[in-house]
Amino acid sequence: MTAIQINQLTLDEVIGQFQLVETTDLDFFSEWQGELPEIDDRTQEDLDRIKANYAYLSRKSLDEGVVKLVVLGRLLSLAGFYEPPFRLITEKAVQISAVDEDQIFRGMVDILAMHEKVWVLLVEAKHNRFSLEPALPQALAYMSAAPYPDYPTFGLITNGQNFLFLKMLNQVYGTSKEFAMRNPGDLTQVLQVMRRLGEIVRSWEV
């Protein structure tokens with residue numbers, strides 16, 4: 001049995017190995033669109049502080065750990081993922097068997113929010129010098145390992161400056177638009193989407 005690191009896979013390889021299908025149907029991933037939860041003034045002040053802190057610290061490059069502290073940790077808190085019914089796991093080891101091949105794929109999820117045993121939000125953080133594209137195959141590979149494929153699994157890729165949401169259900173996946181911290185209102189919408197996902201999950205009976 002051959003062991004391969006997930007971060008070495010291309011997008012084509014991930015799609016082929018795990019039999020994934022991309023959809024551009026807007027109805028498939030409607031959760032990031034439409035009417036989103038309201039953000040009050042105090043929370044908006046917190047978001048403005050995140051932007052200011054990031055702007056100051058990013059004058060020099062930020063590694064993944066700082067991105068997690070400055071941006072992700074605060075967003076997860078404001079979105080309610082530190083509260084019941086969620087459980088957060090960092091650096092979760094993942095092992096996936098290839099389809100019809102004697103190969104095992106291994107990797108480490110940066111942050112995973114769970115509801116009972118269902119994977120809710122998988123977060124892949126990258127260095128702020130990198131685009132989001134290299135993180136896409138990793139995130140999709142990890143999401144394909146979710147133990148309950150009949151429940152949707154959501155993903156978030158970020159380098160601190162840019163954000164991309166993913167949704168996977170039964171090996172079909174779709175993406176949101178790419179949000180950028182520099183765009184007015186985008187960071188607010190990122191938090192709104194995270195809160196919307198939390199609201200949806202709280203309605204599940206697991």
# chains A, B, ... in the order shown; residues from 1 in each chain; ligands from 1

call {"tool": "residues_around", "arguments": {"residues": "Val193 of chain A", "least_positions_apart": "6", "cutoff": "12 Å", "atoms": "only C-alpha atoms", "output": "number ranges by chain"}}
result
A: 29-39, 75-76, 78-80, 121, 154-156, 163-166, 176-177, 179, 186-187, 199-200

call {"tool": "select_by_dssp", "arguments": {"residues": "segment 75-182 of chain A", "states": "strand (DSSP E)", "output": "ChimeraX atom specification"}}
result
/A:86-97,103-115,118-125,153-158,162-169,172-180

call {"tool": "residues_around", "arguments": {"residues": "segment 83-95 of chain A", "least_positions_apart": "2", "cutoff": "10 Å", "atoms": "only C-alpha atoms", "output": "ChimeraX atom specification"}}
result
/A:3-6,76-77,79-81,97-98,104-123,141-143,145-146,198,201-202

call {"tool": "write_last_selection", "arguments": {"atoms": "N, CA, C and O atoms", "output": "short mmCIF file (atom, residue, chain, number, x, y, z; two decimals), in the first residue's frame"}}
result
data_model
loop_
_atom_site.label_atom_id
_atom_site.label_comp_id
_atom_site.auth_asym_id
_atom_site.auth_seq_id
_atom_site.Cartn_x
_atom_site.Cartn_y
_atom_site.Cartn_z
N ALA A 3 1.60 5.24 0.38
CA ALA A 3 1.09 6.41 1.10
C ALA A 3 1.51 7.67 0.37
O ALA A 3 2.69 7.84 0.03
N ILE A 4 0.55 8.56 0.10
CA ILE A 4 0.79 9.81 -0.62
C ILE A 4 0.28 10.96 0.23
O ILE A 4 -0.81 10.89 0.80
N GLN A 5 1.05 12.05 0.30
CA GLN A 5 0.62 13.22 1.04
C GLN A 5 -0.39 14.01 0.21
O GLN A 5 -0.16 14.28 -0.97
N ILE A 6 -1.49 14.39 0.83
CA ILE A 6 -2.56 15.08 0.12
C ILE A 6 -2.08 16.41 -0.45
O ILE A 6 -2.51 16.83 -1.53
N LEU A 76 -14.07 32.73 13.88
CA LEU A 76 -14.75 31.54 14.42
C LEU A 76 -15.48 31.87 15.71
O LEU A 76 -16.58 31.37 15.97
N SER A 77 -14.87 32.72 16.54
CA SER A 77 -15.52 33.13 17.77
C SER A 77 -16.77 33.96 17.49
O SER A 77 -17.84 33.70 18.04
N ALA A 79 -18.55 33.98 14.92
CA ALA A 79 -19.57 33.18 14.23
C ALA A 79 -20.24 32.18 15.14
O ALA A 79 -21.21 31.53 14.75
N GLY A 80 -19.73 32.02 16.37
CA GLY A 80 -20.36 31.12 17.32
C GLY A 80 -19.85 29.69 17.29
O GLY A 80 -20.45 28.80 17.91
N PHE A 81 -18.71 29.44 16.63
CA PHE A 81 -18.22 28.08 16.53
C PHE A 81 -17.44 27.62 17.76
O PHE A 81 -16.97 26.49 17.82
N SER A 97 -8.61 6.26 1.58
CA SER A 97 -8.24 5.22 0.62
C SER A 97 -8.65 5.65 -0.78
O SER A 97 -9.75 6.18 -0.97
N ALA A 98 -7.78 5.40 -1.76
CA ALA A 98 -8.11 5.73 -3.14
C ALA A 98 -9.15 4.76 -3.67
O ALA A 98 -9.30 3.64 -3.17
N ILE A 104 -3.03 5.05 -0.17
CA ILE A 104 -3.59 5.75 0.98
C ILE A 104 -3.12 7.20 0.89
O ILE A 104 -1.94 7.48 0.64
N PHE A 105 -4.05 8.14 1.09
CA PHE A 105 -3.71 9.55 1.06
C PHE A 105 -3.81 10.09 2.48
O PHE A 105 -4.81 9.86 3.17
N ARG A 106 -2.77 10.81 2.89
CA ARG A 106 -2.71 11.30 4.26
C ARG A 106 -2.48 12.80 4.27
O ARG A 106 -1.81 13.35 3.39
N GLY A 107 -3.04 13.44 5.28
CA GLY A 107 -2.85 14.87 5.42
C GLY A 107 -3.32 15.34 6.79
O GLY A 107 -3.71 14.54 7.64
N MET A 108 -3.29 16.65 6.98
CA MET A 108 -3.63 17.24 8.27
C MET A 108 -4.55 18.44 8.04
O MET A 108 -4.17 19.41 7.40
N VAL A 109 -5.78 18.36 8.54
CA VAL A 109 -6.72 19.46 8.44
C VAL A 109 -6.32 20.53 9.45
O VAL A 109 -6.07 20.24 10.62
N ASP A 110 -6.28 21.79 9.01
CA ASP A 110 -5.88 22.87 9.91
C ASP A 110 -6.87 23.04 11.07
O ASP A 110 -6.50 23.01 12.24
N ILE A 111 -8.13 23.27 10.74
CA ILE A 111 -9.18 23.46 11.75
C ILE A 111 -10.43 22.74 11.28
O ILE A 111 -10.83 22.87 10.12
N LEU A 112 -11.07 22.01 12.17
CA LEU A 112 -12.30 21.29 11.84
C LEU A 112 -13.34 21.55 12.91
O LEU A 112 -13.10 21.31 14.09
N ALA A 113 -14.49 22.08 12.49
CA ALA A 113 -15.62 22.26 13.40
C ALA A 113 -16.59 21.11 13.19
O ALA A 113 -16.96 20.80 12.05
N MET A 114 -16.99 20.48 14.29
CA MET A 114 -17.86 19.30 14.20
C MET A 114 -19.13 19.51 15.00
O MET A 114 -19.15 20.25 15.99
N HIS A 115 -20.19 18.83 14.55
CA HIS A 115 -21.45 18.74 15.29
C HIS A 115 -21.68 17.26 15.53
O HIS A 115 -21.95 16.52 14.57
N GLU A 116 -21.55 16.80 16.77
CA GLU A 116 -21.49 15.38 17.07
C GLU A 116 -20.33 14.79 16.26
O GLU A 116 -19.22 15.22 16.41
N LYS A 117 -20.63 13.85 15.34
CA LYS A 117 -19.57 13.27 14.52
C LYS A 117 -19.60 13.80 13.08
O LYS A 117 -18.82 13.35 12.24
N VAL A 118 -20.48 14.74 12.81
CA VAL A 118 -20.61 15.28 11.46
C VAL A 118 -19.64 16.43 11.28
O VAL A 118 -19.56 17.35 12.10
N TRP A 119 -18.87 16.39 10.20
CA TRP A 119 -17.97 17.49 9.87
C TRP A 119 -18.79 18.65 9.34
O TRP A 119 -19.54 18.51 8.38
N VAL A 120 -18.63 19.81 9.96
CA VAL A 120 -19.44 20.97 9.61
C VAL A 120 -18.65 21.96 8.76
O VAL A 120 -19.01 22.28 7.64
N LEU A 121 -17.56 22.47 9.32
CA LEU A 121 -16.76 23.48 8.63
C LEU A 121 -15.30 23.10 8.71
O LEU A 121 -14.73 23.01 9.80
N LEU A 122 -14.70 22.87 7.55
CA LEU A 122 -13.29 22.53 7.47
C LEU A 122 -12.53 23.76 6.98
O LEU A 122 -12.89 24.34 5.96
N VAL A 123 -11.52 24.16 7.73
CA VAL A 123 -10.79 25.39 7.40
C VAL A 123 -9.36 25.05 6.99
O VAL A 123 -8.66 24.33 7.70
N ALA A 141 -10.00 17.29 -0.98
CA ALA A 141 -9.62 15.94 -0.58
C ALA A 141 -10.03 15.67 0.86
O ALA A 141 -10.60 14.61 1.17
N TYR A 142 -9.75 16.62 1.75
CA TYR A 142 -10.15 16.44 3.15
C TYR A 142 -11.67 16.33 3.28
O TYR A 142 -12.18 15.50 4.03
N MET A 143 -12.39 17.19 2.56
CA MET A 143 -13.85 17.17 2.66
C MET A 143 -14.43 15.85 2.17
O MET A 143 -15.46 15.39 2.68
N ALA A 145 -13.34 13.09 2.77
CA ALA A 145 -13.16 12.09 3.83
C ALA A 145 -14.20 12.22 4.93
O ALA A 145 -14.16 11.45 5.90
N ALA A 146 -15.12 13.16 4.82
CA ALA A 146 -16.14 13.36 5.86
C ALA A 146 -16.90 12.05 6.09
O ALA A 146 -17.30 11.38 5.14
N GLY A 198 -23.69 28.13 10.59
CA GLY A 198 -23.95 27.71 11.96
C GLY A 198 -25.42 27.55 12.25
O GLY A 198 -25.84 26.59 12.92
N VAL A 201 -26.67 24.26 10.68
CA VAL A 201 -26.23 23.07 11.40
C VAL A 201 -27.01 22.90 12.70
O VAL A 201 -27.32 21.78 13.10
N ARG A 202 -27.31 24.00 13.37
CA ARG A 202 -28.06 23.90 14.63
C ARG A 202 -29.45 23.29 14.41
O ARG A 202 -30.06 22.78 15.36
#

call {"tool": "closest_residue", "arguments": {"among": "A:Thr153, A:Thr2, A:Thr43, A:Ser203", "to": "Leu140 of chain A", "atoms": "only C-alpha atoms"}}
result
A:Thr153

call {"tool": "closest_residue", "arguments": {"among": "A:Pro134, A:Ala52, A:Ser144, A:Gly160", "to": "Gly16 of chain A", "atoms": "only C-alpha atoms"}}
result
A:Ser144

call {"tool": "residues_around", "arguments": {"residues": "Val172 of chain A", "least_positions_apart": "6", "cutoff": "8 Å", "atoms": "only C-alpha atoms", "output": "tab-separated table (two decimals) with N, CA, C and O atoms, in the first residue's frame"}}
result
chain	number	residue	atom	x	y	z
A	20	LEU	N	-14.91	13.16	-7.72
A	20	LEU	CA	-15.66	14.36	-7.39
A	20	LEU	C	-16.21	15.00	-8.66
A	20	LEU	O	-15.65	14.85	-9.75
A	21	VAL	N	-17.30	15.72	-8.51
A	21	VAL	CA	-17.93	16.43	-9.62
A	21	VAL	C	-18.19	17.86	-9.19
A	21	VAL	O	-18.81	18.11	-8.15
A	22	GLU	N	-17.69	18.82	-9.98
A	22	GLU	CA	-17.95	20.23	-9.69
A	22	GLU	C	-19.26	20.66	-10.33
A	22	GLU	O	-19.56	20.29	-11.46
A	23	THR	N	-20.04	21.43	-9.60
A	23	THR	CA	-21.27	22.00	-10.15
A	23	THR	C	-21.20	23.52	-10.08
A	23	THR	O	-20.66	24.07	-9.13

call {"tool": "closest_residue", "arguments": {"among": "A:Asn53, A:Thr188, A:Gln44, A:Gln17", "to": "Ile96 of chain A", "atoms": "only C-alpha atoms"}}
result
A:Gln17

call {"tool": "residues_around", "arguments": {"residues": "Gly65 of chain A", "least_positions_apart": "4", "cutoff": "10 Å", "atoms": "only C-alpha atoms", "output": "PDB file with C-alpha atoms, in the first residue's frame"}}
result
ATOM      1  CA  LEU A  69      -4.616  33.837  15.339  1.00  0.00           C
ATOM      2  CA  VAL A  70      -5.361  37.249  13.864  1.00  0.00           C
ATOM      3  CA  LEU A  72      -9.542  32.871  11.756  1.00  0.00           C
ATOM      4  CA  ASP A 110      -5.884  22.874   9.914  1.00  0.00           C
ATOM      5  CA  ALA A 125      -5.257  28.323   6.139  1.00  0.00           C
ATOM      6  CA  LYS A 126      -2.346  29.386   3.979  1.00  0.00           C
ATOM      7  CA  HIS A 127       0.528  31.875   4.080  1.00  0.00           C
TER       8      HIS A 127
END

call {"tool": "atom_distance", "arguments": {"atom1": "atom CA of Asp46 of chain A", "atom2": "atom CA of Asn159 of chain A"}}
result
19.2 Å

call {"tool": "select_by_dssp", "arguments": {"residues": "segment 12-193 of chain A", "states": "alpha helix (DSSP H)", "output": "PyMOL selection string"}}
result
chain A and resi 12-17+41-57+64-67+73-78+135-143+186-193

call {"tool": "closest_residue", "arguments": {"among": "A:Leu191, A:Asn128, A:Asp40, A:Asn170", "to": "Gly73 of chain A", "atoms": "only C-alpha atoms"}}
result
A:Leu191

call {"tool": "residues_around", "arguments": {"residues": "Asn162 of chain A", "least_positions_apart": "4", "cutoff": "9 Å", "atoms": "only C-alpha atoms", "output": "list in words"}}
result
Asn128, Ser131, Leu132, Ile157, Thr158, Glu178, Phe179, Ala180, Met181 and Arg182 of chain A
